[in-house]
Each structure stands twice: as structure tokens, then as C-alpha cells.
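Structure below is data-v1.txt: compact mmCIF, C-alpha atoms and all ligand atoms.
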```
# COMPACT_ATOMS: atom_id res chain seq x y z
CA MET A 1 -6.44 -3.00 -19.96
CA ALA A 2 -9.35 -0.84 -21.02
CA LYS A 3 -9.96 -0.03 -17.39
CA ASN A 4 -6.37 1.07 -16.90
CA LYS A 5 -6.71 3.31 -19.91
CA LYS A 6 -9.87 4.78 -18.46
CA LEU A 7 -8.00 5.60 -15.27
CA ASN A 8 -5.42 7.33 -17.42
CA ILE A 9 -2.45 6.07 -15.47
CA SER A 10 0.98 5.26 -16.63
CA ALA A 11 4.04 4.39 -14.61
CA THR A 12 5.59 7.76 -15.36
CA SER A 13 2.46 9.66 -14.40
CA ILE A 14 2.63 8.28 -10.85
CA CYS A 15 5.74 10.22 -10.11
CA LYS A 16 5.47 13.13 -7.77
CA LYS A 17 1.87 13.67 -6.82
CA ASN A 18 -1.26 12.27 -8.37
CA ILE A 19 -4.89 11.90 -7.53
CA PHE A 20 -7.01 9.12 -8.97
CA VAL A 21 -10.67 8.26 -8.59
CA THR A 22 -11.73 4.62 -8.80
CA LYS A 23 -15.32 3.47 -9.13
CA THR A 24 -14.91 -0.21 -8.28
CA SER A 25 -12.60 -2.37 -6.21
CA GLN A 26 -11.25 -3.85 -9.45
CA GLU A 27 -10.21 -0.37 -10.58
CA THR A 28 -8.42 0.11 -7.26
CA ARG A 29 -6.67 -3.25 -7.73
CA ASN A 30 -5.64 -2.18 -11.24
CA LEU A 31 -4.22 1.06 -9.90
CA GLY A 32 -2.23 -0.96 -7.33
CA LYS A 33 -0.92 -3.15 -10.16
CA LYS A 34 0.17 -0.15 -12.15
CA PHE A 35 1.77 1.43 -9.11
CA ALA A 36 3.73 -1.81 -8.52
CA SER A 37 5.56 -1.28 -11.80
CA ILE A 38 7.42 1.71 -10.36
CA LEU A 39 8.32 0.07 -7.04
CA LYS A 40 11.86 -1.08 -6.43
CA GLY A 41 13.84 -2.73 -3.66
CA GLY A 42 14.08 -0.59 -0.54
CA ASP A 43 10.79 1.21 -1.18
CA ILE A 44 8.38 1.80 1.69
CA VAL A 45 4.71 2.45 0.95
CA PHE A 46 2.51 4.10 3.57
CA LEU A 47 -1.20 3.38 3.10
CA LYS A 48 -3.63 5.60 4.96
CA GLY A 49 -7.40 5.76 5.08
CA ASP A 50 -10.39 4.65 7.13
CA LEU A 51 -11.41 1.05 7.68
CA GLY A 52 -12.91 -0.23 4.43
CA SER A 53 -11.40 2.53 2.31
CA GLY A 54 -9.48 0.07 0.13
CA LYS A 55 -5.94 -0.22 1.49
CA THR A 56 -5.97 -4.03 1.32
CA THR A 57 -7.66 -3.94 -2.09
CA PHE A 58 -4.91 -1.66 -3.44
CA THR A 59 -2.28 -3.99 -1.92
CA GLN A 60 -3.91 -6.98 -3.64
CA GLY A 61 -3.14 -5.26 -6.96
CA ILE A 62 0.50 -4.78 -5.98
CA ILE A 63 0.86 -8.42 -4.94
CA LYS A 64 -0.89 -9.63 -8.07
CA ALA A 65 1.61 -7.66 -10.16
CA PHE A 66 4.63 -9.15 -8.39
CA CYS A 67 3.51 -12.71 -7.68
CA ASN A 68 0.71 -13.21 -10.18
CA LYS A 69 -1.39 -14.70 -7.43
CA ASP A 70 -4.41 -13.56 -5.49
CA PHE A 71 -4.30 -13.49 -1.77
CA ALA A 72 -7.50 -14.01 0.09
CA ARG A 73 -7.13 -12.77 3.57
CA SER A 74 -6.69 -9.30 4.90
CA SER A 75 -3.48 -8.94 6.80
CA SER A 76 -5.41 -7.44 9.74
CA PHE A 77 -5.33 -10.93 11.27
CA THR A 78 -1.62 -11.32 10.85
CA LEU A 79 0.68 -8.44 11.43
CA ILE A 80 3.04 -9.24 8.57
CA ASN A 81 2.57 -11.28 5.40
CA GLU A 82 5.64 -12.11 3.36
CA TYR A 83 5.95 -12.70 -0.39
CA ASP A 84 9.03 -13.80 -2.36
CA ILE A 85 9.55 -11.67 -5.43
CA ALA A 86 12.51 -11.98 -7.79
CA ASN A 87 15.56 -11.70 -5.56
CA LEU A 88 13.90 -9.91 -2.69
CA ARG A 89 10.84 -10.00 -0.50
CA LEU A 90 7.69 -7.98 -0.19
CA PHE A 91 6.23 -7.40 3.26
CA HIS A 92 2.57 -6.52 3.70
CA ILE A 93 2.29 -5.07 7.18
CA ASP A 94 -0.97 -4.11 8.87
CA LEU A 95 -0.67 -2.00 12.00
CA TYR A 96 -4.42 -1.81 12.67
CA ARG A 97 -4.32 -3.88 15.83
CA LEU A 98 -1.07 -2.49 17.11
CA ASN A 99 -0.80 0.19 19.75
CA PRO A 100 1.24 3.05 18.21
CA LEU A 101 3.22 3.24 21.46
CA ILE A 102 4.71 -0.23 20.97
CA VAL A 103 4.99 -0.23 17.20
CA TRP A 104 8.80 0.01 17.28
CA ASP A 105 9.13 -2.65 19.98
CA ILE A 106 8.29 -5.48 17.58
CA GLY A 107 11.42 -4.90 15.50
CA ILE A 108 9.59 -3.39 12.56
CA GLU A 109 12.73 -1.58 11.40
CA GLU A 110 14.22 -4.95 10.46
CA TYR A 111 11.51 -5.23 7.83
CA ILE A 112 11.18 -1.72 6.51
CA TYR A 113 14.75 -0.46 6.38
CA GLY A 114 16.58 -2.69 3.96
CA LYS A 115 16.57 -3.94 0.40
CA ASN A 116 13.03 -5.30 0.47
CA ILE A 117 9.71 -3.65 -0.34
CA SER A 118 7.21 -2.95 2.43
CA ILE A 119 3.59 -1.96 2.11
CA ILE A 120 2.21 -0.67 5.41
CA GLU A 121 -1.51 -0.30 6.18
CA TRP A 122 -2.37 2.19 8.95
CA ALA A 123 1.07 3.72 8.47
CA ASP A 124 -0.01 6.75 10.49
CA ARG A 125 0.62 4.53 13.53
CA LEU A 126 4.28 4.38 12.66
CA LEU A 127 5.03 7.43 14.73
CA GLY A 128 8.37 9.03 13.97
CA ALA A 129 8.69 7.64 10.43
CA GLU A 130 6.98 10.59 8.76
CA ASN A 131 10.26 12.05 7.50
CA ASP A 132 11.68 8.86 6.05
CA ASN A 133 11.70 8.45 2.28
CA HIS A 134 8.46 6.77 1.36
CA TRP A 135 5.42 6.64 -0.92
CA ASP A 136 2.41 8.16 0.75
CA ILE A 137 -0.96 6.82 -0.39
CA GLU A 138 -4.14 8.23 1.07
CA ILE A 139 -7.50 6.68 0.22
CA GLU A 140 -10.69 8.57 0.83
CA ASN A 141 -14.09 6.92 0.75
CA MET A 142 -16.65 8.75 -1.39
CA ASN A 143 -19.71 6.46 -1.37
CA SER A 144 -18.83 3.73 -3.84
CA MET A 145 -15.94 5.72 -5.25
CA ARG A 146 -12.47 6.16 -3.81
CA LYS A 147 -10.16 9.13 -4.11
CA ILE A 148 -6.60 7.84 -4.08
CA LYS A 149 -3.75 10.28 -3.64
CA ILE A 150 -0.29 8.99 -4.43
CA GLU A 151 2.63 11.11 -3.40
CA SER A 152 6.36 10.56 -3.37
CA LYS A 153 7.91 11.85 -0.14
CA ARG A 154 11.54 12.12 -0.97
N1 LIG A 201 -13.57 1.87 -5.57
C1 LIG A 201 -13.30 0.97 -4.60
N2 LIG A 201 -12.01 0.73 -4.25
C2 LIG A 201 -11.73 -0.14 -3.24
N3 LIG A 201 -12.64 -0.85 -2.54
C3 LIG A 201 -13.92 -0.66 -2.86
C4 LIG A 201 -14.30 0.25 -3.90
N4 LIG A 201 -15.66 0.25 -3.98
C5 LIG A 201 -16.08 -0.63 -3.05
N5 LIG A 201 -15.06 -1.18 -2.38
C6 LIG A 201 -15.16 -2.16 -1.27
O1 LIG A 201 -14.65 -1.56 -0.08
C7 LIG A 201 -13.98 -2.53 0.70
C8 LIG A 201 -12.53 -2.14 0.91
O2 LIG A 201 -11.99 -3.02 1.83
P1 LIG A 201 -10.45 -3.11 2.18
O3 LIG A 201 -9.61 -3.03 0.94
O4 LIG A 201 -10.26 -4.32 3.04
O5 LIG A 201 -10.23 -1.77 3.05
P2 LIG A 201 -9.13 -1.42 4.15
O6 LIG A 201 -7.97 -2.35 3.94
O7 LIG A 201 -8.78 0.02 3.86
O8 LIG A 201 -9.78 -1.57 5.49
C9 LIG A 201 -14.09 -3.85 -0.03
O9 LIG A 201 -15.20 -4.55 0.47
C10 LIG A 201 -14.31 -3.43 -1.47
O10 LIG A 201 -15.01 -4.39 -2.23
MG MG A 202 -6.97 -3.61 5.34
```
This entry written out as C-alpha cells:
Amino acid sequence: MAKNKKLNISATSICKKNIFVTKTSQETRNLGKKFASILKGGDIVFLKGDLGSGKTTFTQGIIKAFCNKDFARSSSFTLINEYDIANLRLFHIDLYRLNPLIVWDIGIEEYIYGKNISIIEWADRLLGAENDNHWDIEIENMNSMRKIKIESKR
């Protein structure tokens, strides 16, 4: 809790556009947890940033908030991980290994356009979805720190 306070984040503060700096992976997880509290069914979250920037770490926080469980593996090895939450599902999708030219051929729209929540790593590969309503999260690596920009694109 103290760490969340230090980050000075509240659900209402993550509304339109916000920039946060985290010093540890735990702080990034906590920010993901806090962010989860404003997510609702139908939301799509685009996660962008270099390899190792913290997209999976941030997602771990979101999943912890919804399922109260840790998940060990990065979804880079599986394209889509599914979690049951309340009366809907959360999809953690990682497009890292997918060629942007075939991204729509795998039926991804079945997952992202509906009543569920989807968190998408390497969302910049989802060509053509830029104008859809979504949360845009960009993580920038600054040595051990991370600059995390959260923006609502609506
Ligand atoms: N402030 C920080 N936020 C997130 N990760 C951090 C931070 N500082 C160090 N790390 C480390 O950086 C790595 C981020 O990995 P990961 O979340 O898998 O990145 P990505 O999914 O973007 O490839 C982890 O090894 C994590 O421990
Ligand atoms: Mg990752």
C-alpha cells in the first residue's frame, strides 16, 4: 500500500492521460493492479514497449487484481492465455511472435471485440486497430526505471 501511495495513483487519476515512473518490477505490478480497478468488460488494452520493458510485469499486476493469483510464464510462448473473472473472461494476448501481416487471420477479433477484457502485448502489430476505442500503455526503459504512459483513446 505504501508503494501505491508513493506512486501517487488512484483509479480516478488514471483517466485521460498519465505518466508514471516505477523503480522496481513490483512497483510496475502495483500500477497494473491499480489500473485493473478501472477496467470493465469490453475494454481493450494495448501494451507497447521494447522487449524487457515490463509489459508482462504490468499484466501480472492486472491478473493478480482480478484472479488473486500469480502467473509464472510469459505469454510469449502461448499466443493467448485465458482467465475467468467474475462473469467474463480476461485474455492476455502476446503478438511478439506473430507476423503483423497475418495477425487478423487467426480470428483475433473474436477475442478482442466483445464483452471480455483483452490485454495485448506488442499491440503495434495489430495493424488497422489504431482507431478503435482502447487503452494505450507505452512503457519506456530508463535503466532500472520505467516510464509508463497510460492514455485513454476514446
Ligand atoms: N521498474 C520496472 N518495471 C518492470 N520491470 C522491471 C523494472 N525494473 C526491472 N524490471 C525487469 O525487467 C524485466 C521486464 O520483463 P517483462 O515484463 O517480461 O517485459 P516485456 O513483457 O515488456 O518483454 C523483468 O525482468 C523485470 O524484473
Ligand atoms: Mg512480455
A:Thr57, A:Lys23, A:Phe46, A:Phe66 ranked by distance to Leu95 (chain A), top pick (using all atoms listed in the file) | A:Phe46
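In this comparison, which uses all atoms listed in the file, the residue of A:Gly54, A:Gly61, A:Gly107, A:Pro100 approaching ligand MG 202 (chain A) most closely is A:Gly54.
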Which protein, DNA or RNA residues have an atom within 10 Å of ligand LIG 201 (chain A), counting only C-alpha atoms and all ligand atoms, as a PyMOL selection string?
-> chain A and resi 21-31+47-60+73-76+94+96+121-122+138-148
Distance query Ile102 (chain A) at most 10 Å, all atoms listed in the file, self and fewer than 3 positions along chain excluded, as a PyMOL selection string | chain A and resi 98-99+105-107+125-127
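Using only C-alpha atoms and all ligand atoms, the smallest distance between any of A:Ile85, A:Leu39, A:Ile150, A:Ala123 and ligand MG 202 (chain A) comes from A:Ala123.
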Looking at all atoms listed in the file, which of A:Ile117, A:Ile44, A:Lys33, A:Tyr83 is the one that sits closest to Asp136 (chain A)?
-> A:Ile44
Separating CA of Asp132 (chain A) from CA of Lys153 (chain A), to the nearest tenth of an Å, is a gap of 7.8 Å
Which polymer residues have any atom within 6 Å of an atom of Lys149 (chain A), counting all atoms listed in the file, with same-chain residues fewer than 4 positions away left out, as an NGL selection string?
-> :A and (18-19 or 137-138)
One decimal, Å: what's the distance from CA of Thr78 (chain A) over to CA of Ile93 (chain A), could you say?
-> 8.2 Å
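If you look at CA of Cys67 (chain A) and CA of Ala86 (chain A), they are 9.0 Å away from each other.
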What lies within 7 Å of His92 (chain A) using all atoms listed in the file, ignoring chain neighbours under 5 positions off, as number ranges by chain?
-> A: 80-82, 118-120
Could you rebuild region 84-96 of chain A with N, CA, C and O atoms and give me the result as a PDB file, keeping the file's coordinate frame?
```pdb
ATOM      1  N   ASP A  84       7.737 -13.766  -1.658  1.00  0.00           N
ATOM      2  CA  ASP A  84       9.030 -13.800  -2.360  1.00  0.00           C
ATOM      3  C   ASP A  84       8.834 -13.234  -3.744  1.00  0.00           C
ATOM      4  O   ASP A  84       7.978 -13.698  -4.497  1.00  0.00           O
ATOM      5  N   ILE A  85       9.623 -12.223  -4.073  1.00  0.00           N
ATOM      6  CA  ILE A  85       9.550 -11.670  -5.430  1.00  0.00           C
ATOM      7  C   ILE A  85      10.963 -11.528  -5.970  1.00  0.00           C
ATOM      8  O   ILE A  85      11.817 -10.976  -5.301  1.00  0.00           O
ATOM      9  N   ALA A  86      11.178 -12.032  -7.177  1.00  0.00           N
ATOM     10  CA  ALA A  86      12.510 -11.980  -7.790  1.00  0.00           C
ATOM     11  C   ALA A  86      13.569 -12.298  -6.743  1.00  0.00           C
ATOM     12  O   ALA A  86      13.525 -13.330  -6.116  1.00  0.00           O
ATOM     13  N   ASN A  87      14.504 -11.375  -6.517  1.00  0.00           N
ATOM     14  CA  ASN A  87      15.560 -11.700  -5.560  1.00  0.00           C
ATOM     15  C   ASN A  87      15.391 -10.970  -4.223  1.00  0.00           C
ATOM     16  O   ASN A  87      16.333 -10.762  -3.490  1.00  0.00           O
ATOM     17  N   LEU A  88      14.153 -10.523  -3.986  1.00  0.00           N
ATOM     18  CA  LEU A  88      13.900  -9.910  -2.690  1.00  0.00           C
ATOM     19  C   LEU A  88      12.523 -10.296  -2.177  1.00  0.00           C
ATOM     20  O   LEU A  88      11.857 -11.137  -2.746  1.00  0.00           O
ATOM     21  N   ARG A  89      12.140  -9.672  -1.069  1.00  0.00           N
ATOM     22  CA  ARG A  89      10.840 -10.000  -0.500  1.00  0.00           C
ATOM     23  C   ARG A  89       9.948  -8.782  -0.378  1.00  0.00           C
ATOM     24  O   ARG A  89      10.424  -7.649  -0.323  1.00  0.00           O
ATOM     25  N   LEU A  90       8.654  -9.051  -0.393  1.00  0.00           N
ATOM     26  CA  LEU A  90       7.690  -7.980  -0.190  1.00  0.00           C
ATOM     27  C   LEU A  90       6.974  -8.254   1.130  1.00  0.00           C
ATOM     28  O   LEU A  90       6.504  -9.361   1.366  1.00  0.00           O
ATOM     29  N   PHE A  91       6.929  -7.259   1.984  1.00  0.00           N
ATOM     30  CA  PHE A  91       6.230  -7.400   3.260  1.00  0.00           C
ATOM     31  C   PHE A  91       4.953  -6.577   3.230  1.00  0.00           C
ATOM     32  O   PHE A  91       4.984  -5.394   2.897  1.00  0.00           O
ATOM     33  N   HIS A  92       3.848  -7.225   3.552  1.00  0.00           N
ATOM     34  CA  HIS A  92       2.570  -6.520   3.700  1.00  0.00           C
ATOM     35  C   HIS A  92       2.298  -6.461   5.191  1.00  0.00           C
ATOM     36  O   HIS A  92       2.014  -7.467   5.828  1.00  0.00           O
ATOM     37  N   ILE A  93       2.389  -5.268   5.731  1.00  0.00           N
ATOM     38  CA  ILE A  93       2.290  -5.070   7.180  1.00  0.00           C
ATOM     39  C   ILE A  93       1.009  -4.318   7.501  1.00  0.00           C
ATOM     40  O   ILE A  93       0.672  -3.344   6.823  1.00  0.00           O
ATOM     41  N   ASP A  94       0.269  -4.783   8.489  1.00  0.00           N
ATOM     42  CA  ASP A  94      -0.970  -4.110   8.870  1.00  0.00           C
ATOM     43  C   ASP A  94      -0.906  -3.744  10.345  1.00  0.00           C
ATOM     44  O   ASP A  94      -0.902  -4.618  11.210  1.00  0.00           O
ATOM     45  N   LEU A  95      -0.868  -2.451  10.611  1.00  0.00           N
ATOM     46  CA  LEU A  95      -0.670  -2.000  12.000  1.00  0.00           C
ATOM     47  C   LEU A  95      -1.984  -1.747  12.734  1.00  0.00           C
ATOM     48  O   LEU A  95      -1.988  -1.221  13.839  1.00  0.00           O
ATOM     49  N   TYR A  96      -3.106  -2.137  12.112  1.00  0.00           N
ATOM     50  CA  TYR A  96      -4.420  -1.810  12.670  1.00  0.00           C
ATOM     51  C   TYR A  96      -4.568  -2.192  14.138  1.00  0.00           C
ATOM     52  O   TYR A  96      -5.094  -1.440  14.940  1.00  0.00           O
TER      53      TYR A  96
END
```
